[in-house]
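Engineer: This is the structure I want to talk about, given as C-alpha cells.
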Amino acid sequence: MANQFQQDNLIGQSNALLEVLEHVSKIAPLSKPVLIIGERGTGKELIAERLHYLSKRWDQSFIKLNCSSLSENLLESELFGHDAGAFTGANKKHEGRFERADGGTLFLDELANTSGLIQEKLLRVIEYGEFERVGGSKTVQTDVRLICAANEDLPSLAQAGEFRADLLDRLAFDVITLPPLRHRPEDIMPLAEYFAVGMARQLQHELFDGFTPNAVKQLMEYSWPGNIRELKNVVERCVYRNTDRHEAIDSIVIDPFASPYRPTTRVKTQSRQANVQTSGTTAATSEVAPVSTAPQIKSAEISFPLDFKEHCENQEVTLLKKALEAGQYNQKKTAELLGLSYHQLRGILKKYNLLDK
C-alpha cells in the first residue's frame, strides 16, 4: 500500500499539504480516534489509509464504510452485524464491520448523516469497546481504531442538537482538516500532469506532450469545487478527447454536460427530488405533499416569458427560508414543519447553499 501514499491528493509541495502530512505522521502511531474534515474530493479516505498504514496496526484489517449510502437499519446491521433470525431474511449470523476490523482500523465516511441510534451505539463502542449484534443479546468485544470523516461543521451540528455532543467529544481526540485545492494552487499542475500521464498510459500512448500555456491558465483559474476528484476527471477526459496525441493539450473541458442540446427544463422535479432523498422508498409521494403549503403566487404577479427552472428554485428557496425562520433555525423543527425527514431537509438545504444561513 505504500505506493498509494503517492496518489491523488498526496502529490504536491504546498505548505498546506505538507502541514497535513506532518499532522498525520504525528497522530498515526496512536490508537486514538481521529476526525478528518474536508470538502468533497479532498481525499479524506486516502488520509485515513495513510493513518492506518503508518500505525502499529498496519498489518491488520483496514475496513471502510460510507454511512450515507445505507438506511439506518442497514447501516446498523453493517456496523454491528446481526444474529440469525434478527429480521426477515436474516438466515445466518452476519459479522459487522466492527467485528471484521478487530485489531485494525475502521473508517466511517459521511459521519454527519448517521442517526441518533447509530451515534448512541458508536459512543458505547468507543467508551467500552463492546456492542451487541442486531437481534442478539451477547456482548461482543472489539479492539478497533476508529477514523471518521465529514464534510460538514460537526461542532455547529452538535451545538444545534443535530449531532451528539458527547460522541463528538469522544471522536475528536484530534482533528485533521484537509485544505481544498483552491488553497493549494501550487499543487494543481503537478496533480494534473500526474493524472494526464496515468491516462496516457492507460490509452497506451507513447508519451504525454503536456499542456499549452492556455490550458495551464484554464486549470489555474478554475476554483475546483470538486477538488482533486474533479481535477482528475477533467484532466483524464481532456487526454482521451485529444485528437492529436502528439500535440500538447490546449483546450480544457471543465463541464462535460455543456452542450447546446442540454435539456433546460425539469420534469416532475418534486417527485424526483423526493425519490432521491428517500432512497427509493414508497414514501416519496407523501413526503412532498407539504410543498403545497408554499405561499400562493397570483398569476398577476408573474410576467412572461420567464425562466421556469429559476422561478421554481426561487420559490423553493423562499419557502425554505420562511420555514427556517418559523422553526427558529432549528433544522429538526424545520423538517417537521415541512413534513420532511431531517436528512431530506439537509439535502435540500445543501442544494441551495442554505446550511449555514
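Chain lettering (A, B, ...) mirrors the order of the C-alpha cells, residue numbering begins at 1 for each chain separately, and ligand numbering begins at 1 in order of display.
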Run DSSP on the backbone of this structure and report the residues of region 36-87 of chain A it assigns to strand (DSSP E), as a list of chain:residue names.
Structural biologist: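 Strand (DSSP E) assignments inside region 36-87 of chain A correspond to A:Ile36, A:Ile37, A:Phe62, A:Ile63, A:Lys64, A:Leu65, A:Asn66.
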Engineer: Could those selected residues go to a file with all heavy atoms, as a compact mmCIF listing (two decimals), in the first residue's frame?
Structural biologist:
# COMPACT_ATOMS: atom_id res chain seq x y z
N ILE A 36 -11.51 13.40 10.35
CA ILE A 36 -10.97 14.04 9.15
C ILE A 36 -12.08 14.89 8.55
O ILE A 36 -13.15 14.39 8.21
CB ILE A 36 -10.49 13.00 8.12
CG1 ILE A 36 -9.46 12.06 8.74
CG2 ILE A 36 -9.90 13.70 6.90
CD1 ILE A 36 -9.07 10.90 7.84
N ILE A 37 -11.84 16.19 8.45
CA ILE A 37 -12.84 17.12 7.93
C ILE A 37 -12.33 17.70 6.61
O ILE A 37 -11.18 18.11 6.51
CB ILE A 37 -13.10 18.26 8.93
CG1 ILE A 37 -13.46 17.70 10.31
CG2 ILE A 37 -14.20 19.19 8.42
CD1 ILE A 37 -14.74 16.90 10.34
N PHE A 62 -7.97 -2.97 7.35
CA PHE A 62 -8.44 -1.60 7.19
C PHE A 62 -9.81 -1.70 6.52
O PHE A 62 -9.93 -2.01 5.34
CB PHE A 62 -7.48 -0.77 6.33
CG PHE A 62 -7.98 0.63 6.05
CD1 PHE A 62 -7.96 1.60 7.05
CD2 PHE A 62 -8.48 0.97 4.81
CE1 PHE A 62 -8.42 2.88 6.79
CE2 PHE A 62 -8.94 2.25 4.55
CZ PHE A 62 -8.91 3.21 5.54
N ILE A 63 -10.86 -1.47 7.30
CA ILE A 63 -12.24 -1.62 6.82
C ILE A 63 -12.86 -0.24 6.69
O ILE A 63 -12.66 0.63 7.55
CB ILE A 63 -13.08 -2.47 7.80
CG1 ILE A 63 -12.41 -3.82 8.04
CG2 ILE A 63 -14.50 -2.65 7.27
CD1 ILE A 63 -12.35 -4.72 6.84
N LYS A 64 -13.62 -0.02 5.63
CA LYS A 64 -14.22 1.30 5.42
C LYS A 64 -15.70 1.17 5.05
O LYS A 64 -16.14 0.15 4.52
CB LYS A 64 -13.47 2.06 4.32
CG LYS A 64 -13.26 1.28 3.04
CD LYS A 64 -12.26 1.97 2.14
CE LYS A 64 -11.97 1.13 0.89
NZ LYS A 64 -10.96 1.74 0.03
N LEU A 65 -16.45 2.24 5.34
CA LEU A 65 -17.88 2.24 5.07
C LEU A 65 -18.36 3.68 4.92
O LEU A 65 -18.02 4.54 5.74
CB LEU A 65 -18.65 1.55 6.20
CG LEU A 65 -20.18 1.48 6.04
CD1 LEU A 65 -20.55 0.61 4.84
CD2 LEU A 65 -20.83 0.94 7.31
N ASN A 66 -19.16 3.93 3.88
CA ASN A 66 -19.78 5.24 3.68
C ASN A 66 -21.14 5.22 4.37
O ASN A 66 -22.04 4.49 3.96
CB ASN A 66 -19.93 5.55 2.19
CG ASN A 66 -20.39 6.97 1.95
OD1 ASN A 66 -21.30 7.47 2.59
ND2 ASN A 66 -19.77 7.63 0.99
Engineer: If we count only C-alpha atoms, what is near Pro179 (chain A) at a cut-off of 9 Å, once residues fewer than 6 positions away on the same chain are taken out, given as a list in words?
Structural biologist: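 The contact residues come out as Ala16, Leu17, Val20, Gly38, Glu39 and Thr42 of chain A.
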Engineer: Just checking: using only C-alpha atoms, which residue out of A:Val34, A:His205, A:Val175, A:Thr105 ends up closest to Tyr53 (chain A)?
Structural biologist: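 Closest to Tyr53 (chain A) of all the choices is A:Thr105.
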Engineer: Show which residues sit within 10 Å of Gly104 (chain A), as number ranges by chain. Count only C-alpha atoms, and ignore same-chain residues fewer than 4 positions away.
Structural biologist: A: 31, 52, 55-63, 98-100, 142-146
Engineer: Under the rule that only C-alpha atoms are counted, which of A:Ser156, A:Tyr240, A:Leu181, A:Phe208 is the nearest residue to Met220 (chain A)?
Structural biologist: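 Distance minimum relative to Met220 (chain A) lands on A:Leu181.
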Engineer: As a list in words, please: the residues near region 157-167 of chain A (cut-off 9 Å, only C-alpha atoms, same-chain neighbours under 6 positions excluded).
Structural biologist: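 Neighbouring residues, sequence-local ones excluded: Ala112, Thr114, Ser115, Gly116, Gln119, Glu120, Leu122, Leu123, Ile126, Tyr329, Asn330, Gln331, Lys332 and Tyr342 of chain A.
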Engineer: Take CA of Leu106 (chain A) and CA of Pro225 (chain A) and report the distance between them in Å, one decimal.
Structural biologist: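 Value for the CA of Leu106 (chain A)-CA of Pro225 (chain A) distance: 27.7 Å.
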Engineer: Just to confirm, what's the straight-line distance from CA of Thr334 (chain A) to CA of Lys322 (chain A) in Å (one decimal)?
Structural biologist: 9.4 Å
Engineer: Can you tell me, as a ChimeraX atom specification, what residues are no more than 12 Å from Gln218 (chain A) when counting only C-alpha atoms, ignoring any on the same chain fewer than 5 positions away?
Structural biologist: /A:188-189,192,211-213,223-224,231,234-235,249-254
Engineer: Take the residues just selected and output them with N, CA, C and O atoms as a PDB file, in the first residue's frame.
Structural biologist:
ATOM      1  N   ILE A 188      -1.736  22.245  -8.248  1.00  0.00           N
ATOM      2  CA  ILE A 188      -2.680  21.923  -9.323  1.00  0.00           C
ATOM      3  C   ILE A 188      -1.965  21.296 -10.521  1.00  0.00           C
ATOM      4  O   ILE A 188      -2.378  20.239 -11.023  1.00  0.00           O
ATOM      5  N   MET A 189      -0.912  21.918 -10.998  1.00  0.00           N
ATOM      6  CA  MET A 189      -0.246  21.395 -12.195  1.00  0.00           C
ATOM      7  C   MET A 189       0.497  20.083 -11.939  1.00  0.00           C
ATOM      8  O   MET A 189       0.426  19.174 -12.782  1.00  0.00           O
ATOM      9  N   ALA A 192      -2.255  17.623 -12.082  1.00  0.00           N
ATOM     10  CA  ALA A 192      -2.784  17.496 -13.446  1.00  0.00           C
ATOM     11  C   ALA A 192      -1.855  16.665 -14.322  1.00  0.00           C
ATOM     12  O   ALA A 192      -2.301  15.801 -15.087  1.00  0.00           O
ATOM     13  N   PHE A 211       0.725  20.374 -21.407  1.00  0.00           N
ATOM     14  CA  PHE A 211      -0.352  21.354 -21.567  1.00  0.00           C
ATOM     15  C   PHE A 211       0.213  22.639 -22.167  1.00  0.00           C
ATOM     16  O   PHE A 211       1.332  23.047 -21.831  1.00  0.00           O
ATOM     17  N   THR A 212      -0.564  23.291 -23.014  1.00  0.00           N
ATOM     18  CA  THR A 212      -0.156  24.595 -23.539  1.00  0.00           C
ATOM     19  C   THR A 212      -0.359  25.657 -22.465  1.00  0.00           C
ATOM     20  O   THR A 212      -1.084  25.432 -21.487  1.00  0.00           O
ATOM     21  N   PRO A 213       0.252  26.830 -22.624  1.00  0.00           N
ATOM     22  CA  PRO A 213       0.017  27.915 -21.651  1.00  0.00           C
ATOM     23  C   PRO A 213      -1.461  28.250 -21.489  1.00  0.00           C
ATOM     24  O   PRO A 213      -1.908  28.582 -20.384  1.00  0.00           O
ATOM     25  N   SER A 223     -11.915  27.307  -9.903  1.00  0.00           N
ATOM     26  CA  SER A 223     -11.951  27.202  -8.436  1.00  0.00           C
ATOM     27  C   SER A 223     -12.006  25.762  -7.915  1.00  0.00           C
ATOM     28  O   SER A 223     -11.828  25.527  -6.724  1.00  0.00           O
ATOM     29  N   TRP A 224     -12.295  24.787  -8.747  1.00  0.00           N
ATOM     30  CA  TRP A 224     -12.314  23.374  -8.395  1.00  0.00           C
ATOM     31  C   TRP A 224     -13.170  23.057  -7.164  1.00  0.00           C
ATOM     32  O   TRP A 224     -12.661  22.599  -6.130  1.00  0.00           O
ATOM     33  N   LEU A 231     -10.613  17.506 -10.567  1.00  0.00           N
ATOM     34  CA  LEU A 231      -9.436  17.751 -11.398  1.00  0.00           C
ATOM     35  C   LEU A 231      -9.037  16.489 -12.159  1.00  0.00           C
ATOM     36  O   LEU A 231      -8.715  16.538 -13.350  1.00  0.00           O
ATOM     37  N   VAL A 234     -11.458  15.891 -15.058  1.00  0.00           N
ATOM     38  CA  VAL A 234     -11.271  16.876 -16.125  1.00  0.00           C
ATOM     39  C   VAL A 234     -10.025  16.554 -16.942  1.00  0.00           C
ATOM     40  O   VAL A 234     -10.056  16.546 -18.183  1.00  0.00           O
ATOM     41  N   VAL A 235      -8.921  16.289 -16.267  1.00  0.00           N
ATOM     42  CA  VAL A 235      -7.664  16.031 -16.967  1.00  0.00           C
ATOM     43  C   VAL A 235      -7.735  14.741 -17.780  1.00  0.00           C
ATOM     44  O   VAL A 235      -7.345  14.705 -18.956  1.00  0.00           O
ATOM     45  N   ILE A 249      -2.045  19.454 -24.945  1.00  0.00           N
ATOM     46  CA  ILE A 249      -3.466  19.765 -24.753  1.00  0.00           C
ATOM     47  C   ILE A 249      -3.638  21.275 -24.620  1.00  0.00           C
ATOM     48  O   ILE A 249      -2.953  21.921 -23.822  1.00  0.00           O
ATOM     49  N   ASP A 250      -4.556  21.822 -25.412  1.00  0.00           N
ATOM     50  CA  ASP A 250      -4.763  23.271 -25.408  1.00  0.00           C
ATOM     51  C   ASP A 250      -6.112  23.673 -24.819  1.00  0.00           C
ATOM     52  O   ASP A 250      -6.246  24.716 -24.201  1.00  0.00           O
ATOM     53  N   SER A 251      -7.119  22.823 -24.992  1.00  0.00           N
ATOM     54  CA  SER A 251      -8.468  23.166 -24.541  1.00  0.00           C
ATOM     55  C   SER A 251      -8.869  22.273 -23.354  1.00  0.00           C
ATOM     56  O   SER A 251      -8.724  21.057 -23.419  1.00  0.00           O
ATOM     57  N   ILE A 252      -9.365  22.891 -22.326  1.00  0.00           N
ATOM     58  CA  ILE A 252      -9.792  22.169 -21.131  1.00  0.00           C
ATOM     59  C   ILE A 252     -11.319  22.171 -21.055  1.00  0.00           C
ATOM     60  O   ILE A 252     -11.953  23.235 -21.026  1.00  0.00           O
ATOM     61  N   VAL A 253     -11.903  20.994 -21.071  1.00  0.00           N
ATOM     62  CA  VAL A 253     -13.359  20.859 -20.956  1.00  0.00           C
ATOM     63  C   VAL A 253     -13.689  20.643 -19.478  1.00  0.00           C
ATOM     64  O   VAL A 253     -13.566  19.545 -18.950  1.00  0.00           O
ATOM     65  N   ILE A 254     -14.107  21.717 -18.831  1.00  0.00           N
ATOM     66  CA  ILE A 254     -14.419  21.634 -17.404  1.00  0.00           C
ATOM     67  C   ILE A 254     -15.742  20.925 -17.162  1.00  0.00           C
ATOM     68  O   ILE A 254     -15.847  20.037 -16.318  1.00  0.00           O
TER      69      ILE A 254
END
Engineer: What does the structure give for the distance between CA of Ile47 (chain A) and CA of Gln13 (chain A), in Å to one decimal?
Structural biologist: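 So the answer is 16.1 Å.
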Engineer: Taking only region 140-187 of chain A into account, list the residues labelled alpha helix (DSSP H) by DSSP (computed from the backbone), as a list in words.
Structural biologist: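 Answer for region 140-187 of chain A, restricted to alpha helix (DSSP H): Leu154, Pro155, Ser156, Leu157, Ala158, Gln159, Ala165, Asp166, Leu167, Leu168, Asp169, Arg170 and Leu171 of chain A.
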Engineer: For those residues, write C-alpha atoms to a file as a compact mmCIF listing (two decimals), in the first residue's frame.
Structural biologist:
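So selection_7.txt came out as:
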# COMPACT_ATOMS: atom_id res chain seq x y z
CA LEU A 154 -19.75 18.95 13.29
CA PRO A 155 -19.36 21.37 16.25
CA SER A 156 -22.12 23.54 14.77
CA LEU A 157 -24.35 20.50 14.31
CA ALA A 158 -23.69 19.45 17.90
CA GLN A 159 -24.50 22.94 19.16
CA ALA A 165 -22.01 16.35 21.50
CA ASP A 166 -20.75 13.51 23.71
CA LEU A 167 -19.91 11.42 20.64
CA LEU A 168 -18.11 14.36 19.07
CA ASP A 169 -16.06 14.75 22.27
CA ARG A 170 -15.01 11.09 22.09
CA LEU A 171 -14.17 11.16 18.39
Engineer: Ranking A:Gly347, A:Pro185, A:Pro33, A:Gly12 by minimum distance to Ala48 (chain A) and counting only C-alpha atoms, which one comes first?
Structural biologist: A:Pro33
Engineer: Quick one: residues within 12 Å of Leu203 (chain A), only C-alpha atoms, excluding same-chain residues fewer than 2 positions away - as a PyMOL selection string?
Structural biologist: chain A and resi 196-201+205-208+236-237+239-242+245
Engineer: Keeping C-alpha atoms, export the residues of the selection given above as a PDB file, in the first residue's frame.
Structural biologist:
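Below is the file part_39.pdb, written as the result:
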ATOM      1  CA  ALA A 196      -2.558  13.054 -17.509  1.00  0.00           C
ATOM      2  CA  VAL A 197       0.438  10.711 -17.651  1.00  0.00           C
ATOM      3  CA  GLY A 198      -1.591   7.969 -15.991  1.00  0.00           C
ATOM      4  CA  MET A 199      -4.411   8.341 -18.507  1.00  0.00           C
ATOM      5  CA  ALA A 200      -1.989   8.401 -21.436  1.00  0.00           C
ATOM      6  CA  ARG A 201      -0.515   5.174 -20.139  1.00  0.00           C
ATOM      7  CA  HIS A 205       0.128   6.445 -25.783  1.00  0.00           C
ATOM      8  CA  GLU A 206       3.872   6.601 -26.274  1.00  0.00           C
ATOM      9  CA  LEU A 207       4.128   9.822 -24.265  1.00  0.00           C
ATOM     10  CA  PHE A 208       2.208  12.798 -22.949  1.00  0.00           C
ATOM     11  CA  GLU A 236      -8.308  12.406 -17.911  1.00  0.00           C
ATOM     12  CA  ARG A 237     -11.246  13.466 -20.088  1.00  0.00           C
ATOM     13  CA  VAL A 239      -6.353  13.443 -22.557  1.00  0.00           C
ATOM     14  CA  TYR A 240      -8.688  10.890 -24.077  1.00  0.00           C
ATOM     15  CA  ARG A 241     -10.523  13.545 -26.138  1.00  0.00           C
ATOM     16  CA  ASN A 242      -7.291  14.998 -27.517  1.00  0.00           C
ATOM     17  CA  ARG A 245      -1.771  12.640 -29.152  1.00  0.00           C
TER      18      ARG A 245
END
